[in-house]
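Shown here: target00.txt, compact mmCIF, C-alpha atoms.
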```txt
# COMPACT_ATOMS: atom_id res chain seq x y z
CA MET A 1 9.50 -9.16 29.35
CA LYS A 2 7.45 -6.84 31.52
CA SER A 3 4.37 -8.66 32.66
CA ALA A 4 1.92 -9.21 35.49
CA GLY A 5 4.83 -10.04 37.82
CA PHE A 6 5.44 -6.31 38.27
CA PRO A 7 3.46 -5.12 41.30
CA ARG A 8 3.00 -1.43 40.50
CA ILE A 9 3.46 1.29 37.94
CA GLU A 10 6.91 2.89 38.05
CA LYS A 11 6.61 6.67 38.18
CA ILE A 12 9.17 9.32 37.27
CA ARG A 13 9.20 13.06 37.93
CA CYS A 14 9.25 15.15 34.74
CA ASP A 15 12.35 17.38 34.70
CA THR A 16 10.38 20.28 33.19
CA CYS A 17 6.97 20.46 34.89
CA GLY A 18 7.76 18.34 37.96
CA GLN A 19 4.68 16.16 37.42
CA ILE A 20 4.95 12.56 38.68
CA THR A 21 4.32 10.51 35.52
CA PRO A 22 4.04 6.78 34.71
CA SER A 23 7.27 5.54 33.12
CA TYR A 24 5.44 4.53 29.93
CA ASP A 25 4.65 8.21 29.35
CA ILE A 26 8.24 9.47 29.83
CA VAL A 27 10.74 10.34 27.09
CA SER A 28 14.51 10.63 27.63
CA TYR A 29 15.15 13.82 25.67
CA GLY A 30 18.55 15.29 24.84
CA SER A 31 21.91 14.22 23.47
CA MET A 32 25.18 12.58 24.52
CA GLU A 33 26.90 15.97 24.50
CA ARG A 34 24.32 17.91 26.51
CA GLY A 35 22.88 15.11 28.58
CA TYR A 36 19.33 13.82 28.83
CA ARG A 37 16.22 15.00 30.65
CA GLU A 38 13.24 12.86 31.60
CA LEU A 39 10.16 14.58 30.15
CA CYS A 40 6.48 13.70 30.28
CA SER A 41 4.82 13.46 26.87
CA GLN A 42 3.21 16.87 27.22
CA CYS A 43 6.50 18.67 27.96
CA PHE A 44 8.29 16.67 25.26
CA ASN A 45 5.64 17.61 22.70
CA GLN A 46 5.84 21.27 23.72
CA GLU A 47 9.61 21.27 23.10
CA VAL A 48 9.26 19.53 19.72
CA ALA A 49 6.40 21.86 18.72
CA LYS A 50 8.54 24.92 19.60
CA LEU A 51 11.47 23.61 17.54
CA GLY A 52 9.20 22.79 14.61
CA GLY A 53 7.26 26.04 14.64
CA LEU A 54 4.00 24.26 15.45
CA ASP A 55 2.58 27.11 17.52
CA LYS A 56 -1.00 25.83 17.29
CA PHE A 57 -0.27 22.30 18.49
CA GLU A 58 -2.15 21.40 21.67
CA HIS A 59 -1.21 18.20 23.48
CA PRO A 60 -4.38 16.06 23.76
CA LYS A 61 -5.19 13.92 26.78
CA PHE A 62 -7.36 10.97 25.82
CA GLU A 63 -8.97 8.89 28.55
CA PRO A 64 -8.58 5.07 28.43
CA ILE A 65 -11.38 3.14 26.74
CA GLY A 66 -12.52 -0.48 26.85
CA LEU A 67 -13.05 -2.36 23.59
CA THR A 68 -14.41 -5.90 23.24
CA ASP A 69 -12.75 -8.54 21.09
CA CYS A 70 -14.51 -11.26 19.07
CA THR A 71 -14.59 -13.60 22.09
CA GLY A 72 -16.30 -11.05 24.34
CA GLN A 73 -13.16 -10.14 26.33
CA VAL A 74 -12.78 -6.45 27.15
CA HIS A 75 -9.40 -4.80 26.57
CA GLU A 76 -8.60 -1.43 28.15
CA PHE A 77 -6.52 0.81 25.91
CA HIS A 78 -4.46 3.78 27.05
CA PHE A 79 -3.27 6.49 24.66
CA ARG A 80 -0.04 8.42 24.15
CA THR A 81 0.69 11.22 21.69
CA ARG A 82 4.22 11.99 20.47
CA LEU A 83 5.41 14.62 18.01
CA PHE A 84 8.36 13.73 15.82
CA GLY A 85 9.43 16.30 13.28
CA PRO A 86 6.52 17.23 11.02
CA ARG A 87 4.43 14.21 12.05
CA VAL A 88 2.55 13.02 15.12
CA ALA A 89 2.18 9.43 16.38
CA LEU A 90 -0.83 8.31 18.39
CA ASP A 91 -0.27 5.05 20.28
CA ALA A 92 -2.84 2.78 21.90
CA PHE A 93 -1.71 0.06 24.27
CA GLU A 94 -2.77 -2.21 27.10
CA LEU A 95 -1.13 -2.17 30.51
CA ARG A 96 -0.19 -5.24 32.52
CA GLY A 97 1.49 -4.77 35.85
CA GLY A 98 1.87 -1.09 35.04
CA HIS A 99 3.82 -1.68 31.83
CA THR A 100 2.84 -1.65 28.16
CA SER A 101 1.94 -5.15 27.08
CA GLY A 102 -0.66 -7.06 25.12
CA TYR A 103 -2.25 -5.33 22.13
CA GLN A 104 -0.37 -2.28 20.87
CA PHE A 105 -1.34 -0.05 17.95
CA GLN A 106 -0.10 3.15 16.33
CA ILE A 107 -1.30 5.60 13.71
CA ILE A 108 0.65 8.48 12.13
CA GLY A 109 -0.84 11.82 11.16
CA ASP A 110 -0.30 15.51 10.61
CA PRO A 111 0.01 17.48 13.88
CA GLU A 112 -2.12 20.28 12.40
CA ASP A 113 -5.02 17.91 11.66
CA ASP A 114 -7.88 17.21 14.05
CA LEU A 115 -6.32 14.79 16.54
CA LEU A 116 -9.78 13.66 17.68
CA ALA A 117 -10.38 12.44 14.12
CA LEU A 118 -7.00 10.68 14.22
CA LEU A 119 -8.10 8.99 17.45
CA GLY A 120 -11.28 7.85 15.71
CA ARG A 121 -9.21 6.25 12.93
CA LEU A 122 -7.01 4.53 15.50
CA ILE A 123 -10.04 3.12 17.34
CA GLU A 124 -11.41 1.75 14.07
CA LYS A 125 -8.03 0.13 13.41
CA ILE A 126 -8.18 -1.49 16.86
CA ARG A 127 -11.74 -2.71 16.29
CA ARG A 128 -10.69 -4.38 13.02
CA ALA A 129 -7.80 -6.13 14.77
CA LEU A 130 -9.99 -7.29 17.67
CA SER A 131 -12.61 -8.72 15.30
CA SER A 132 -10.56 -11.84 14.59
CA LYS A 133 -8.19 -14.27 16.30
CA HIS A 134 -5.07 -15.75 14.76
CA LEU A 135 -4.55 -18.37 17.44
CA ILE A 136 -7.12 -20.71 18.97
CA ASP A 137 -7.02 -23.13 21.88
CA GLY A 138 -7.53 -26.78 20.97
CA ASP A 139 -7.06 -30.19 22.54
CA LEU A 140 -3.31 -29.96 21.89
CA GLY A 141 -2.98 -26.37 23.09
CA LEU A 142 -2.67 -23.19 21.07
CA HIS A 143 -2.55 -23.50 17.30
CA ILE A 144 -2.82 -21.26 14.25
CA ALA A 145 -6.48 -20.65 13.41
CA GLU A 146 -6.14 -20.24 9.66
CA GLN A 147 -3.18 -19.51 7.38
CA VAL A 148 -2.43 -15.89 8.30
CA VAL A 149 -0.85 -14.71 11.55
CA ARG A 150 -0.31 -11.05 12.44
CA GLY A 151 1.67 -9.94 15.46
CA LYS A 152 4.44 -7.80 16.86
CA VAL A 153 8.09 -8.64 17.54
CA GLU A 154 9.31 -7.87 21.07
CA TRP A 155 12.47 -8.44 23.13
CA ASP A 156 12.50 -11.68 25.14
CA GLU A 157 14.51 -11.07 28.32
CA SER A 158 14.51 -14.76 29.18
CA GLU A 159 16.41 -15.43 25.93
CA ASP A 160 18.71 -12.36 26.19
CA GLY A 161 17.33 -11.20 22.86
CA ARG A 162 18.70 -14.19 20.94
CA VAL A 163 15.21 -14.96 19.65
CA PRO A 164 12.09 -12.75 19.67
CA LEU A 165 9.03 -12.81 21.85
CA LEU A 166 5.91 -12.46 19.70
CA ILE A 167 2.71 -10.62 20.63
CA ILE A 168 -0.17 -12.32 18.81
CA ASP A 169 -3.81 -11.62 19.68
CA GLY A 170 -2.46 -9.55 22.58
CA ARG A 171 -0.76 -12.65 24.05
CA GLU A 172 2.94 -13.28 24.63
CA ILE A 173 4.05 -16.22 22.49
CA THR A 174 7.58 -17.57 22.76
CA TRP A 175 9.55 -18.29 19.61
CA GLN A 176 9.65 -21.96 20.62
CA ASP A 177 5.87 -22.17 21.03
CA PHE A 178 5.31 -20.42 17.73
CA GLY A 179 7.72 -22.83 16.04
CA ARG A 180 5.73 -25.74 17.45
CA MET A 181 2.53 -24.26 15.98
CA LEU A 182 4.21 -23.84 12.59
CA MET A 183 5.08 -27.54 12.50
CA SER A 184 1.44 -28.34 11.79
CA PHE A 185 2.20 -26.82 8.35
CA GLU A 186 5.30 -28.92 7.69
CA GLY A 187 5.99 -29.01 3.96
CA TRP A 188 4.00 -25.84 3.23
CA GLN A 189 5.42 -22.55 1.93
CA PHE A 190 5.28 -19.26 3.79
CA LYS A 191 5.71 -15.53 3.14
CA LEU A 192 6.92 -13.21 5.90
CA ASN A 193 5.93 -9.53 5.65
CA ILE A 194 7.64 -7.01 7.93
CA ALA A 195 5.92 -3.64 8.45
CA ASP A 196 6.19 -0.61 10.73
CA LYS A 197 3.76 -0.78 13.67
CA SER A 198 1.85 2.20 12.28
CA GLU A 199 0.99 0.25 9.10
CA GLU A 200 -1.94 -2.12 8.81
CA LEU A 201 -1.25 -5.66 7.60
```
Please go through the file and, once you have read it, give me the structure as structure tokens.
Amino acid sequence: MKSAGFPRIEKIRCDTCGQITPSYDIVSYGSMERGYRELCSQCFNQEVAKLGGLDKFEHPKFEPIGLTDCTGQVHEFHFRTRLFGPRVALDAFELRGGHTSGYQFQIIGDPEDDLLALLGRLIEKIRRALSSKHLIDGDLGLHIAEQVVRGKVEWDESEDGRVPLLIIDGREITWQDFGRMLMSFEGWQFKLNIADKSEEL
């Protein structure tokens, strides 16, 4: 897992514009037959827009913003825009040690719509998520606050992907630690919903 142990942001030169770009804003674009190029989001979006006939699409650059959660902690969110076919994805994410980590959100829209309005919808989605906590610290450590937990499944390098690493409340929670928290509900039933990261649970 990429975390605070990484000292600096890895940067890669875009093969189209030559701009030095943080690795989290680079796309490997191409195919096995023709090879791959490392493109910044702007150059990637320009290529996809050209292929899709989206002549009016303009790649937006949104500055990072700080949003406060229900405990008063400020979270700085960075933004990334990616075209894919006839749709556009707007991602918001935190950075730790120069890598995406913590809270991560996405919203899908129409590339011909007002992307500033799409950003506004994404920020409202983030505010709703930050308004509650699913885990709380107690005398016995972290435990589930109520009976609903929302999070994101990630790869756990320390486990070679055998079990997931969970991102809950913007925190990395190991599968083992989450299992320990679940044991306080021994004998109860549960329902597991799986949804795309652009959906709201």
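As for CA of Ile123 (chain A) and CA of Val149 (chain A), they are spaced 20.9 Å apart.
Using all atoms listed in the file, the smallest distance between any of A:Lys50, A:Arg128, A:Arg162, A:Lys133 and Leu201 (chain A) comes from A:Arg128.
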What is the CA of Val27 (chain A) to CA of Leu39 (chain A) distance in Å?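 CA of Val27 (chain A) sits 5.3 Å away from CA of Leu39 (chain A).
Picture a line from CA of Glu76 (chain A) to CA of Thr100 (chain A); it runs 11.4 Å.
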Contacts of Ala49 (chain A) at 10 Å (only C-alpha atoms; same-chain gap of 6+ positions) as a PyMOL selection string: chain A and resi 43+55-59+83-86+111
Taking (11.7, 16.4, 36.8) in the file's own coordinates, collect the residues within 12 Å, counting only C-alpha atoms, and hand them back as a PDB file with C-alpha atoms, in the frame of the given file.
```
ATOM      1  CA  LYS A  11       6.610   6.670  38.180  1.00  0.00           C
ATOM      2  CA  ILE A  12       9.170   9.320  37.270  1.00  0.00           C
ATOM      3  CA  ARG A  13       9.200  13.060  37.930  1.00  0.00           C
ATOM      4  CA  CYS A  14       9.250  15.150  34.740  1.00  0.00           C
ATOM      5  CA  ASP A  15      12.350  17.380  34.700  1.00  0.00           C
ATOM      6  CA  THR A  16      10.380  20.280  33.190  1.00  0.00           C
ATOM      7  CA  CYS A  17       6.970  20.460  34.890  1.00  0.00           C
ATOM      8  CA  GLY A  18       7.760  18.340  37.960  1.00  0.00           C
ATOM      9  CA  GLN A  19       4.680  16.160  37.420  1.00  0.00           C
ATOM     10  CA  ILE A  20       4.950  12.560  38.680  1.00  0.00           C
ATOM     11  CA  THR A  21       4.320  10.510  35.520  1.00  0.00           C
ATOM     12  CA  ILE A  26       8.240   9.470  29.830  1.00  0.00           C
ATOM     13  CA  VAL A  27      10.740  10.340  27.090  1.00  0.00           C
ATOM     14  CA  SER A  28      14.510  10.630  27.630  1.00  0.00           C
ATOM     15  CA  TYR A  29      15.150  13.820  25.670  1.00  0.00           C
ATOM     16  CA  TYR A  36      19.330  13.820  28.830  1.00  0.00           C
ATOM     17  CA  ARG A  37      16.220  15.000  30.650  1.00  0.00           C
ATOM     18  CA  GLU A  38      13.240  12.860  31.600  1.00  0.00           C
ATOM     19  CA  LEU A  39      10.160  14.580  30.150  1.00  0.00           C
ATOM     20  CA  CYS A  40       6.480  13.700  30.280  1.00  0.00           C
ATOM     21  CA  CYS A  43       6.500  18.670  27.960  1.00  0.00           C
TER      22      CYS A  43
END
```
Give the answer as one residue: which of A:Ser31, A:Ser198, A:Gln42, A:Arg127 has the shortest atom-to-atom distance to Leu90 (chain A), using only C-alpha atoms? A:Ser198
Residue nearest Val148 (chain A) - candidates A:Leu116, A:Leu67, A:Leu192, A:Val88, atoms counted: only C-alpha atoms: A:Leu192
Please, which residues in region 140-162 of chain A fall within 8 Å of region 178-190 of chain A when counting only C-alpha atoms, and what is the closest atom pair and distance in Å to one decimal for each, ordered by chain then residue number, as a tab-separated table?
```
residue	atom	partner	partner_atom	distance
A:Leu142	CA	A:Met181	CA	7.4
A:His143	CA	A:Met181	CA	5.3
A:Ile144	CA	A:Met181	CA	6.4
```
